[in-house]
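One file, entry19.tsv, is given below (TSV, C-alpha atoms (C1' of nucleotides) and all ligand atoms).
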chain	number	residue	atom	x	y	z
A	1	MET	CA	17.20	-1.11	24.63
A	2	ALA	CA	18.45	1.30	21.99
A	3	SER	CA	19.66	-0.99	19.24
A	4	TYR	CA	20.61	1.97	17.07
A	5	SER	CA	21.87	5.09	18.87
A	6	SER	CA	21.22	8.62	17.75
A	7	THR	CA	25.00	9.03	17.63
A	8	ALA	CA	25.15	6.25	15.06
A	9	LEU	CA	22.34	7.90	13.11
A	10	LYS	CA	24.17	11.22	13.13
A	11	ALA	CA	27.37	9.54	11.91
A	12	GLU	CA	25.58	7.76	9.10
A	13	LEU	CA	23.74	10.92	8.06
A	14	ASN	CA	26.91	13.05	8.02
A	15	GLU	CA	28.73	10.41	6.03
A	16	ARG	CA	26.17	10.95	3.27
A	17	GLY	CA	26.27	14.75	3.51
A	18	TRP	CA	23.06	15.00	5.51
A	19	ARG	CA	22.39	16.47	8.92
A	20	MET	CA	21.21	15.37	12.30
A	21	THR	CA	18.25	17.35	13.64
A	22	PRO	CA	16.27	17.32	16.89
A	23	GLN	CA	13.26	16.09	14.91
A	24	ARG	CA	15.17	13.07	13.62
A	25	GLU	CA	16.44	12.22	17.08
A	26	THR	CA	12.94	12.51	18.54
A	27	ILE	CA	11.48	10.22	15.89
A	28	LEU	CA	14.21	7.62	16.38
A	29	THR	CA	13.93	7.50	20.17
A	30	THR	CA	10.14	7.41	19.97
A	31	PHE	CA	10.26	4.24	17.91
A	32	GLN	CA	12.94	2.74	20.12
A	33	ASN	CA	10.81	3.21	23.21
A	34	LEU	CA	7.63	1.90	21.61
A	35	SER	CA	6.29	-1.32	23.12
A	36	GLU	CA	6.43	-4.51	21.04
A	37	GLY	CA	3.62	-4.91	18.57
A	38	MET	CA	3.02	-1.17	18.14
A	39	HIS	CA	2.99	0.06	14.56
A	40	LEU	CA	2.56	3.80	14.02
A	41	SER	CA	1.27	5.66	11.00
A	42	ALA	CA	2.63	9.14	10.21
A	43	GLU	CA	-0.51	10.75	11.58
A	44	GLU	CA	-0.45	8.66	14.75
A	45	LEU	CA	3.19	9.52	15.41
A	46	CYS	CA	2.37	13.20	14.95
A	47	GLU	CA	-0.47	12.93	17.50
A	48	LEU	CA	1.65	10.96	19.95
A	49	LEU	CA	4.39	13.58	19.85
A	50	LYS	CA	1.85	16.39	20.18
A	51	GLU	CA	0.53	14.78	23.38
A	52	LYS	CA	4.07	14.68	24.72
A	53	GLY	CA	4.50	18.35	23.86
A	54	GLU	CA	7.06	17.65	21.13
A	55	ASN	CA	5.46	19.06	18.02
A	56	ILE	CA	6.89	17.99	14.67
A	57	SER	CA	5.11	18.93	11.47
A	58	LEU	CA	3.41	16.19	9.51
A	59	SER	CA	5.53	16.94	6.43
A	60	THR	CA	8.72	16.44	8.40
A	61	ILE	CA	7.39	13.21	9.83
A	62	TYR	CA	6.50	11.86	6.40
A	63	ARG	CA	9.91	12.83	5.03
A	64	ASN	CA	11.84	11.23	7.85
A	65	LEU	CA	9.82	8.05	8.11
A	66	LYS	CA	10.60	7.44	4.46
A	67	LEU	CA	14.24	8.39	4.90
A	68	MET	CA	14.75	6.12	7.89
A	69	ALA	CA	12.96	3.24	6.17
A	70	ARG	CA	15.29	3.60	3.19
A	71	MET	CA	18.26	3.58	5.54
A	72	GLY	CA	17.03	0.31	7.04
A	73	ILE	CA	16.39	1.83	10.48
A	74	LEU	CA	12.62	1.58	10.28
A	75	ARG	CA	10.39	-1.00	8.61
A	76	GLU	CA	7.58	0.21	6.38
A	77	LEU	CA	4.50	-2.01	6.75
A	78	GLU	CA	1.21	-2.19	4.87
A	79	LEU	CA	-0.89	-3.82	7.58
A	80	ALA	CA	-4.30	-2.22	7.22
A	81	GLU	CA	-5.61	-0.60	4.07
A	82	GLY	CA	-5.01	3.01	3.30
A	83	GLN	CA	-1.91	3.96	5.19
A	84	LYS	CA	1.62	2.82	5.88
A	85	ARG	CA	2.79	1.97	9.37
A	86	TYR	CA	6.26	1.91	10.78
A	87	GLU	CA	8.20	0.09	13.48
A	88	ILE	CA	11.86	-0.09	14.44
A	89	ASN	CA	13.81	-2.62	12.38
A	90	GLN	CA	15.39	-5.01	14.83
A	91	PRO	CA	17.96	-7.74	14.15
A	92	ALA	CA	17.70	-11.51	14.53
A	93	PRO	CA	16.36	-12.28	18.00
A	94	HIS	CA	13.65	-9.60	17.90
A	95	HIS	CA	12.97	-9.75	14.17
A	96	HIS	CA	9.40	-10.80	13.39
A	97	HIS	CA	6.70	-11.14	10.76
A	98	HIS	CA	2.98	-10.40	10.43
A	99	LEU	CA	-0.18	-12.45	9.96
A	100	ILE	CA	-3.12	-10.19	9.03
A	101	CYS	CA	-6.86	-10.78	8.74
A	102	VAL	CA	-7.96	-9.12	5.49
A	103	ARG	CA	-11.43	-8.47	6.89
A	104	CYS	CA	-10.90	-7.01	10.38
A	105	ASN	CA	-7.17	-6.21	10.10
A	106	LYS	CA	-6.38	-8.07	13.31
A	107	THR	CA	-2.61	-8.59	13.24
A	108	VAL	CA	-0.53	-11.35	14.83
A	109	GLU	CA	3.24	-11.01	15.08
A	110	PHE	CA	5.37	-14.12	14.97
A	111	LYS	CA	9.04	-14.97	14.86
A	112	ASN	CA	10.83	-17.29	12.48
A	113	ASP	CA	14.57	-17.10	12.00
A	114	SER	CA	14.67	-19.31	8.91
A	115	VAL	CA	12.66	-16.78	6.88
A	116	LEU	CA	15.15	-14.03	7.61
A	117	LYS	CA	17.95	-16.39	6.59
A	118	VAL	CA	16.21	-17.11	3.29
A	119	GLY	CA	15.80	-13.40	2.65
A	120	ALA	CA	19.37	-12.52	3.57
A	121	LYS	CA	20.76	-15.29	1.39
A	122	MET	CA	18.57	-14.27	-1.56
A	123	ALA	CA	19.62	-10.61	-1.29
A	124	GLU	CA	23.29	-11.53	-1.03
A	125	LYS	CA	23.10	-13.92	-3.96
A	126	SER	CA	21.74	-11.12	-6.16
A	127	GLY	CA	24.23	-8.56	-4.86
A	128	TYR	CA	21.54	-6.51	-3.15
A	129	HIS	CA	22.16	-4.70	0.13
A	130	LEU	CA	19.42	-5.96	2.48
A	131	LEU	CA	17.28	-3.38	4.25
A	132	ASP	CA	14.20	-5.29	5.41
A	133	CYS	CA	12.81	-8.78	5.10
A	134	GLN	CA	9.15	-9.31	5.96
A	135	LEU	CA	6.87	-12.29	5.53
A	136	LEU	CA	3.35	-11.01	4.99
A	137	ILE	CA	0.49	-13.46	5.45
A	138	HIS	CA	-2.98	-12.44	4.35
A	139	ALA	CA	-5.70	-14.63	5.83
A	140	VAL	CA	-9.15	-14.70	7.42
A	141	CYS	CA	-9.19	-14.91	11.22
A	142	PRO	CA	-11.39	-17.41	13.09
A	143	THR	CA	-13.90	-14.74	14.12
A	144	CYS	CA	-14.34	-13.42	10.59
A	145	GLN	CA	-14.67	-16.95	9.19
A	146	ARG	CA	-17.74	-17.42	11.39
A	147	SER	CA	-19.21	-13.99	10.65
A	148	ILE	CA	-21.70	-13.48	7.84
A	149	THR	CA	-19.92	-10.34	6.67
A	150	PRO	CA	-19.29	-10.64	2.93
A	151	VAL	CA	-15.75	-11.18	1.61
Z	1	MET	CA	-2.81	-23.15	-17.92
Z	2	ALA	CA	-5.94	-21.95	-16.15
Z	3	SER	CA	-5.36	-22.93	-12.54
Z	4	TYR	CA	-8.72	-21.50	-11.52
Z	5	SER	CA	-11.52	-21.74	-14.09
Z	6	SER	CA	-14.23	-19.16	-14.55
Z	7	THR	CA	-16.70	-21.96	-13.83
Z	8	ALA	CA	-15.11	-22.38	-10.42
Z	9	LEU	CA	-15.25	-18.63	-9.87
Z	10	LYS	CA	-18.94	-18.58	-10.77
Z	11	ALA	CA	-19.63	-21.45	-8.37
Z	12	GLU	CA	-17.79	-19.77	-5.52
Z	13	LEU	CA	-19.52	-16.45	-6.17
Z	14	ASN	CA	-22.99	-17.99	-6.29
Z	15	GLU	CA	-22.30	-19.91	-3.09
Z	16	ARG	CA	-21.89	-16.55	-1.35
Z	17	GLY	CA	-24.95	-15.01	-2.99
Z	18	TRP	CA	-22.95	-13.07	-5.56
Z	19	ARG	CA	-23.03	-13.14	-9.34
Z	20	MET	CA	-20.80	-13.96	-12.23
Z	21	THR	CA	-20.44	-11.19	-14.80
Z	22	PRO	CA	-18.62	-10.84	-18.12
Z	23	GLN	CA	-16.36	-8.25	-16.47
Z	24	ARG	CA	-15.27	-10.69	-13.77
Z	25	GLU	CA	-14.57	-13.41	-16.30
Z	26	THR	CA	-12.53	-11.01	-18.44
Z	27	ILE	CA	-10.43	-9.91	-15.47
Z	28	LEU	CA	-9.78	-13.49	-14.36
Z	29	THR	CA	-8.74	-14.75	-17.80
Z	30	THR	CA	-6.57	-11.68	-18.38
Z	31	PHE	CA	-4.53	-12.46	-15.27
Z	32	GLN	CA	-4.37	-16.15	-16.16
Z	33	ASN	CA	-2.91	-15.38	-19.55
Z	34	LEU	CA	-0.41	-12.84	-18.26
Z	35	SER	CA	3.23	-13.83	-18.69
Z	36	GLU	CA	5.28	-14.65	-15.58
Z	37	GLY	CA	6.65	-11.64	-13.76
Z	38	MET	CA	3.90	-9.27	-14.92
Z	39	HIS	CA	2.19	-7.31	-12.16
Z	40	LEU	CA	-0.68	-5.04	-13.18
Z	41	SER	CA	-2.08	-2.00	-11.42
Z	42	ALA	CA	-5.78	-1.18	-11.74
Z	43	GLU	CA	-5.02	1.58	-14.23
Z	44	GLU	CA	-2.72	-0.64	-16.29
Z	45	LEU	CA	-5.31	-3.40	-16.45
Z	46	CYS	CA	-7.89	-0.85	-17.60
Z	47	GLU	CA	-5.55	0.34	-20.38
Z	48	LEU	CA	-4.65	-3.19	-21.42
Z	49	LEU	CA	-8.31	-4.14	-21.77
Z	50	LYS	CA	-9.06	-0.93	-23.65
Z	51	GLU	CA	-6.37	-1.84	-26.20
Z	52	LYS	CA	-7.99	-5.22	-26.65
Z	53	GLY	CA	-11.36	-3.55	-27.18
Z	54	GLU	CA	-12.81	-4.90	-23.94
Z	55	ASN	CA	-13.68	-1.80	-21.98
Z	56	ILE	CA	-14.32	-2.16	-18.28
Z	57	SER	CA	-14.75	0.89	-16.10
Z	58	LEU	CA	-12.02	1.74	-13.61
Z	59	SER	CA	-14.51	1.54	-10.73
Z	60	THR	CA	-15.43	-2.00	-11.66
Z	61	ILE	CA	-11.79	-2.96	-11.98
Z	62	TYR	CA	-10.94	-1.57	-8.55
Z	63	ARG	CA	-13.93	-3.35	-7.00
Z	64	ASN	CA	-13.12	-6.71	-8.53
Z	65	LEU	CA	-9.38	-6.66	-7.96
Z	66	LYS	CA	-10.11	-6.17	-4.28
Z	67	LEU	CA	-12.82	-8.82	-4.31
Z	68	MET	CA	-10.65	-11.41	-6.02
Z	69	ALA	CA	-7.72	-10.65	-3.74
Z	70	ARG	CA	-9.93	-11.22	-0.72
Z	71	MET	CA	-11.10	-14.51	-2.22
Z	72	GLY	CA	-7.46	-15.59	-2.59
Z	73	ILE	CA	-7.61	-15.69	-6.39
Z	74	LEU	CA	-5.31	-12.71	-6.91
Z	75	ARG	CA	-2.34	-11.47	-4.87
Z	76	GLU	CA	-2.20	-7.82	-3.90
Z	77	LEU	CA	1.37	-6.53	-4.02
Z	78	GLU	CA	2.99	-3.27	-2.94
Z	79	LEU	CA	6.03	-3.37	-5.20
Z	80	ALA	CA	6.59	0.23	-6.21
Z	81	GLU	CA	5.42	3.20	-4.20
Z	82	GLY	CA	2.01	4.67	-4.68
Z	83	GLN	CA	-0.09	1.93	-6.15
Z	84	LYS	CA	-1.05	-1.67	-5.64
Z	85	ARG	CA	-0.30	-4.31	-8.23
Z	86	TYR	CA	-1.90	-7.66	-8.79
Z	87	GLU	CA	-0.97	-11.07	-10.12
Z	88	ILE	CA	-2.68	-14.45	-10.18
Z	89	ASN	CA	-2.17	-16.39	-6.94
Z	90	GLN	CA	-0.64	-19.71	-7.91
Z	91	PRO	CA	-0.03	-22.75	-5.72
Z	92	ALA	CA	3.21	-24.44	-4.70
Z	93	PRO	CA	5.28	-25.05	-7.82
Z	94	HIS	CA	4.63	-21.59	-9.30
Z	95	HIS	CA	4.37	-19.69	-6.01
Z	96	HIS	CA	7.07	-17.03	-5.66
Z	97	HIS	CA	8.31	-14.03	-3.71
Z	98	HIS	CA	9.74	-10.58	-4.48
Z	99	LEU	CA	13.05	-8.81	-3.92
Z	100	ILE	CA	12.72	-5.07	-4.55
Z	101	CYS	CA	15.22	-2.23	-4.85
Z	102	VAL	CA	13.83	0.65	-2.78
Z	103	ARG	CA	15.56	3.21	-5.01
Z	104	CYS	CA	14.82	2.13	-8.59
Z	105	ASN	CA	12.01	-0.40	-7.86
Z	106	LYS	CA	13.73	-3.11	-9.89
Z	107	THR	CA	12.02	-6.34	-8.86
Z	108	VAL	CA	13.38	-9.89	-8.81
Z	109	GLU	CA	11.05	-12.84	-8.37
Z	110	PHE	CA	12.32	-15.95	-6.65
Z	111	LYS	CA	10.91	-19.25	-5.45
Z	112	ASN	CA	11.27	-20.83	-2.05
Z	113	ASP	CA	8.89	-23.54	-0.92
Z	114	SER	CA	9.97	-23.49	2.72
Z	115	VAL	CA	8.67	-19.95	3.16
Z	116	LEU	CA	5.20	-20.93	1.98
Z	117	LYS	CA	5.31	-23.88	4.39
Z	118	VAL	CA	6.18	-21.56	7.28
Z	119	GLY	CA	3.31	-19.27	6.35
Z	120	ALA	CA	0.78	-22.07	5.93
Z	121	LYS	CA	1.78	-23.63	9.25
Z	122	MET	CA	1.57	-20.29	11.05
Z	123	ALA	CA	-1.90	-19.53	9.65
Z	124	GLU	CA	-3.16	-23.00	10.51
Z	125	LYS	CA	-1.76	-22.84	14.03
Z	126	SER	CA	-3.69	-19.60	14.65
Z	127	GLY	CA	-6.87	-20.89	13.07
Z	128	TYR	CA	-6.64	-18.45	10.17
Z	129	HIS	CA	-7.75	-19.36	6.65
Z	130	LEU	CA	-4.73	-18.66	4.43
Z	131	LEU	CA	-5.21	-16.42	1.40
Z	132	ASP	CA	-1.71	-15.30	0.44
Z	133	CYS	CA	1.81	-15.67	1.77
Z	134	GLN	CA	4.46	-13.32	0.43
Z	135	LEU	CA	8.04	-12.70	1.47
Z	136	LEU	CA	8.88	-9.09	0.73
Z	137	ILE	CA	12.55	-8.12	0.65
Z	138	HIS	CA	13.46	-4.45	0.55
Z	139	ALA	CA	17.03	-3.84	-0.51
Z	140	VAL	CA	19.37	-1.72	-2.65
Z	141	CYS	CA	20.36	-3.24	-5.99
Z	142	PRO	CA	24.00	-3.34	-7.18
Z	143	THR	CA	23.47	-0.48	-9.64
Z	144	CYS	CA	21.92	1.82	-7.06
Z	145	GLN	CA	24.64	1.00	-4.53
Z	146	ARG	CA	27.18	2.42	-6.98
Z	147	SER	CA	25.10	5.45	-7.94
Z	148	ILE	CA	25.49	8.76	-6.13
Z	149	THR	CA	21.74	9.24	-5.93
Z	150	PRO	CA	20.80	9.96	-2.33
Z	151	VAL	CA	18.88	7.34	-0.35
C	1	DT	C1'	32.10	33.50	13.51
C	2	DC	C1'	30.53	32.96	8.81
C	3	DA	C1'	29.02	30.74	4.56
C	4	DT	C1'	26.87	27.02	2.62
C	5	DT	C1'	23.09	24.39	2.00
C	6	DA	C1'	20.16	20.67	4.10
C	7	DT	C1'	15.97	20.79	6.68
C	8	DT	C1'	11.74	22.42	8.55
C	9	DG	C1'	6.84	23.98	8.58
C	10	DC	C1'	3.00	25.61	6.27
C	11	DG	C1'	-0.40	25.44	2.91
C	12	DA	C1'	-1.51	24.02	-1.67
C	13	DA	C1'	-1.58	20.26	-4.88
C	14	DT	C1'	-1.76	15.49	-6.28
C	15	DG	C1'	-3.83	11.19	-7.33
C	16	DA	C1'	-4.95	6.33	-6.00
C	17	DG	C1'	-8.85	4.55	-4.45
C	18	DT	C1'	-13.82	4.97	-2.74
C	19	DC	C1'	-18.55	6.42	-2.84
C	20	DT	C1'	-23.17	7.51	-4.82
C	21	DC	C1'	-26.81	6.36	-7.52
C	22	DA	C1'	-29.54	5.42	-11.58
C	23	DA	C1'	-29.52	1.90	-15.16
C	24	DC	C1'	-28.60	-2.72	-16.05
C	25	DG	C1'	-28.20	-7.82	-15.90
C	26	DT	C1'	-27.91	-12.18	-13.28
C	27	DG	C1'	-29.94	-15.99	-11.13
C	28	DA	C1'	-33.97	-17.91	-8.87
C	29	DT	C1'	-38.86	-19.03	-9.05
C	30	DC	C1'	-42.94	-20.40	-11.18
K	1	DG	C1'	-39.27	-18.01	-21.03
K	2	DA	C1'	-41.56	-14.27	-18.19
K	3	DT	C1'	-41.04	-12.00	-13.89
K	4	DC	C1'	-38.85	-10.45	-9.79
K	5	DA	C1'	-35.34	-9.33	-6.35
K	6	DC	C1'	-31.29	-7.58	-5.81
K	7	DG	C1'	-26.20	-7.69	-6.89
K	8	DT	C1'	-23.34	-5.18	-10.31
K	9	DT	C1'	-21.88	-1.71	-13.50
K	10	DG	C1'	-20.33	2.93	-15.17
K	11	DA	C1'	-19.68	7.84	-14.64
K	12	DG	C1'	-18.47	11.34	-12.00
K	13	DA	C1'	-17.92	13.48	-7.57
K	14	DC	C1'	-15.32	12.91	-3.61
K	15	DT	C1'	-11.82	11.55	0.04
K	16	DC	C1'	-7.68	11.82	2.29
K	17	DA	C1'	-2.83	9.90	2.63
K	18	DT	C1'	1.12	11.64	0.81
K	19	DT	C1'	3.92	14.89	-1.85
K	20	DC	C1'	5.34	19.43	-3.46
K	21	DG	C1'	6.93	24.39	-3.38
K	22	DC	C1'	9.03	27.74	-1.03
K	23	DA	C1'	10.55	31.06	2.42
K	24	DA	C1'	12.55	30.82	6.95
K	25	DT	C1'	15.59	28.27	9.88
K	26	DA	C1'	19.57	25.88	11.58
K	27	DA	C1'	23.36	22.15	11.20
K	28	DT	C1'	27.88	21.57	9.48
K	29	DG	C1'	32.62	22.71	8.13
K	30	DA	C1'	36.11	26.14	7.43
A	201	ZN	ZN	5.54	-5.71	13.91
A	202	ZN	ZN	-10.85	-10.99	11.15
A	203	ZN	ZN	5.27	-11.79	-8.88
A	204	ZN	ZN	18.13	-0.07	-7.77

Could you rewrite the structure in this file as structure tokens?
Ligand SMILES: [Zn+2]
Ligand SMILES: [Zn+2]
Ligand SMILES: [Zn+2]
Ligand SMILES: [Zn+2]
Amino acid sequence: MASYSSTALKAELNERGWRMTPQRETILTTFQNLSEGMHLSAEELCELLKEKGENISLSTIYRNLKLMARMGILRELELAEGQKRYEINQPAPHHHHHLICVRCNKTVEFKNDSVLKVGAKMAEKSGYHLLDCQLLIHAVCPTCQRSITPV
Amino acid sequence: MASYSSTALKAELNERGWRMTPQRETILTTFQNLSEGMHLSAEELCELLKEKGENISLSTIYRNLKLMARMGILRELELAEGQKRYEINQPAPHHHHHLICVRCNKTVEFKNDSVLKVGAKMAEKSGYHLLDCQLLIHAVCPTCQRSITPV
DNA sequence: TCATTATTGCGAATGAGTCTCAACGTGATC
DNA sequence: GATCACGTTGAGACTCATTCGCAATAATGA
């Protein structure tokens, strides 16, 4: 289940002169145990942990979500308006993309290996170190097409 | 040059019970005449128009960028942190994607028709009306890989 | 064990984007 | 081409996701 262990995280952090903390381990394992299709915002993660009795301050959550996204451990997604959401960044067989209705924000996840290949090849060709590759499709869902709601 | 005329915009607006205004025409033609690779934020568009002597209030710009993105005329992009950027949404031969360095925000545009095909097929299969299809690659550019700057 | 210094938690600050509302202008009707 | 209904604009107030500043804390290495 755990595609990226907290031991590996600790090693990678130390290598860069940073430190492993209980908060970082908690955040990592929380995302690893999240069911497929769940995307958490900073605030939602904070609430979820509070319910489980593991309080972590919102500042710390914001800092570490950003850190782990920039390490390639988490994916930063702009699914609905107004706030970023995160999910664990999984390799090839579990890697997926998002189709979003711009009116109701209904989100469909789908897999397509060829897109990841295109992204990886493009990054390599330009000498970039790949962190995340996401196909984002903005569209209007069947329900919203039928509704009279403007735009 | 103009892939989407202001006459067409007026027609589509009226069809939905909305109205054409000088501000909307100015915004549309500004994006149509923008050079390739330019992505404007609301604030930048406001400044650009001010320089040209065509003042449009920031509120109006925000409202219409969102409106035109939801009509599929503009693409809404999250390239750098903190603000959305827009560009004209062009069909197949000019359609492109973005490779972004998460540290310095350097952005590379690239074309790949197969990705658009994947997106269009996926939207159609789910009964969604496609507005925009963008492959977003987060990575670390060669320069930033060599730099000692953290994360 | 101790020193160094990265990290946390709190509250204050920031700022992109939204909201409110009176004044205005568009498009439809006659 | 005058009138009307109502969508749109502009200005400023406002919201709230995210960042910042800093003192207290704790992870690492010697
Ligand atoms: Zn997902
Ligand atoms: Zn919808
Ligand atoms: Zn572009
Ligand atoms: Zn860079």

Using all atoms listed in the file - which residues lie no farther than 12 Å from the point (-5.9, -7.8, -21.8) in the file's frame? Write them as JSON, numbers by chain. {"Z": [23, 25, 26, 27, 28, 29, 30, 31, 32, 33, 34, 35, 40, 44, 45, 46, 47, 48, 49, 50, 51, 52, 53, 54, 55, 56]}

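Considering all atoms listed in the file, every residue of the polymer chains approaching ligand ZN 202 (chain A) to 9 Å or closer is listed here: Ile100, Cys101, Val102, Arg103, Cys104, Asn105, Lys106, Thr107, Ala139, Val140, Cys141, Pro142, Thr143, Cys144, Gln145 and Ser147 of chain A; Tyr128 of chain Z.
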
Check the smallest atom-to-atom distance from each of Z:Leu131, Z:Ala8, Z:Leu67, Z:Met20 to chain K using all atoms listed in the file, then report the winner. Z:Met20

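Closest approach to chain A among K:DC20, K:DA2, K:DA13, K:DA27: K:DA27, based on only C-alpha atoms (C1' of nucleotides).
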
Return the neighbours of chain A among the residues of chain K, cut-off 12 Å, counting only C-alpha atoms (C1' of nucleotides), as a short mmCIF file (atom, residue, chain, number, x, y, z; two decimals) with C-alpha atoms (C1' of nucleotides), keeping the file's coordinate frame.
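Ended up saving to result_9.cif:
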data_model
loop_
_atom_site.label_atom_id
_atom_site.label_comp_id
_atom_site.auth_asym_id
_atom_site.auth_seq_id
_atom_site.Cartn_x
_atom_site.Cartn_y
_atom_site.Cartn_z
"C1'" DT K 15 -11.82 11.55 0.04
"C1'" DC K 16 -7.68 11.82 2.29
"C1'" DA K 17 -2.83 9.90 2.63
"C1'" DT K 18 1.12 11.64 0.81
"C1'" DT K 19 3.92 14.89 -1.85
"C1'" DC K 20 5.34 19.43 -3.46
"C1'" DT K 25 15.59 28.27 9.88
"C1'" DA K 26 19.57 25.88 11.58
"C1'" DA K 27 23.36 22.15 11.20
"C1'" DT K 28 27.88 21.57 9.48
"C1'" DG K 29 32.62 22.71 8.13
#

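Here atom CA of Z:Glu81 is placed at a distance of 14.2 Å from atom CA of Z:Leu99.
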
Kindly work out which residues sit at most 12 Å from ligand ZN 203 (chain A), using all atoms listed in the file, and give the list as JSON, numbers by chain. {"Z": [31, 34, 35, 36, 37, 38, 39, 40, 74, 75, 76, 77, 78, 79, 85, 86, 87, 88, 89, 90, 94, 95, 96, 97, 98, 99, 100, 107, 108, 109, 110, 111, 133, 134, 135, 136]}

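The two atoms in question, atom CA of Z:Pro91 and atom CA of A:Leu130, are spaced 27.0 Å apart.
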
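Straight-line separation from atom CA of A:Met68 to atom C1' of C:DT5: 20.9 Å.
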
Which of these residues is nearest to ligand ZN 204 (chain A), using only C-alpha atoms and all ligand atoms: A:Gly127, A:Ala120, A:Thr7, A:Ile137? A:Gly127

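Proximity to chain A was assessed for C:DC30, C:DA13, C:DA6, C:DC19 counting only C-alpha atoms (C1' of nucleotides); the smallest distance is recorded for C:DA6.
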
Could you tell me which residues of chain C sit within 9 Å of chain A when counting only C-alpha atoms (C1' of nucleotides), and give me the result as an mmCIF file with C-alpha atoms (C1' of nucleotides), in the coordinates of the input?
data_model
loop_
_atom_site.group_PDB
_atom_site.id
_atom_site.type_symbol
_atom_site.label_atom_id
_atom_site.label_comp_id
_atom_site.auth_asym_id
_atom_site.auth_seq_id
_atom_site.Cartn_x
_atom_site.Cartn_y
_atom_site.Cartn_z
ATOM 1 C "C1'" DA C 6 20.160 20.670 4.100
ATOM 2 C "C1'" DT C 7 15.970 20.790 6.680
ATOM 3 C "C1'" DT C 8 11.740 22.420 8.550
ATOM 4 C "C1'" DG C 9 6.840 23.980 8.580
ATOM 5 C "C1'" DC C 10 3.000 25.610 6.270
ATOM 6 C "C1'" DG C 17 -8.850 4.550 -4.450
#

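Taking all atoms listed in the file into account, chain A lies nearest to Z:Met71 out of the set Z:Ala11, Z:Ala92, Z:Met71, Z:Leu65.
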
Could you check which of Z:Ile73, Z:His129, Z:Asn64, Z:Met122 is closest to chain A, using all atoms listed in the file? Z:His129
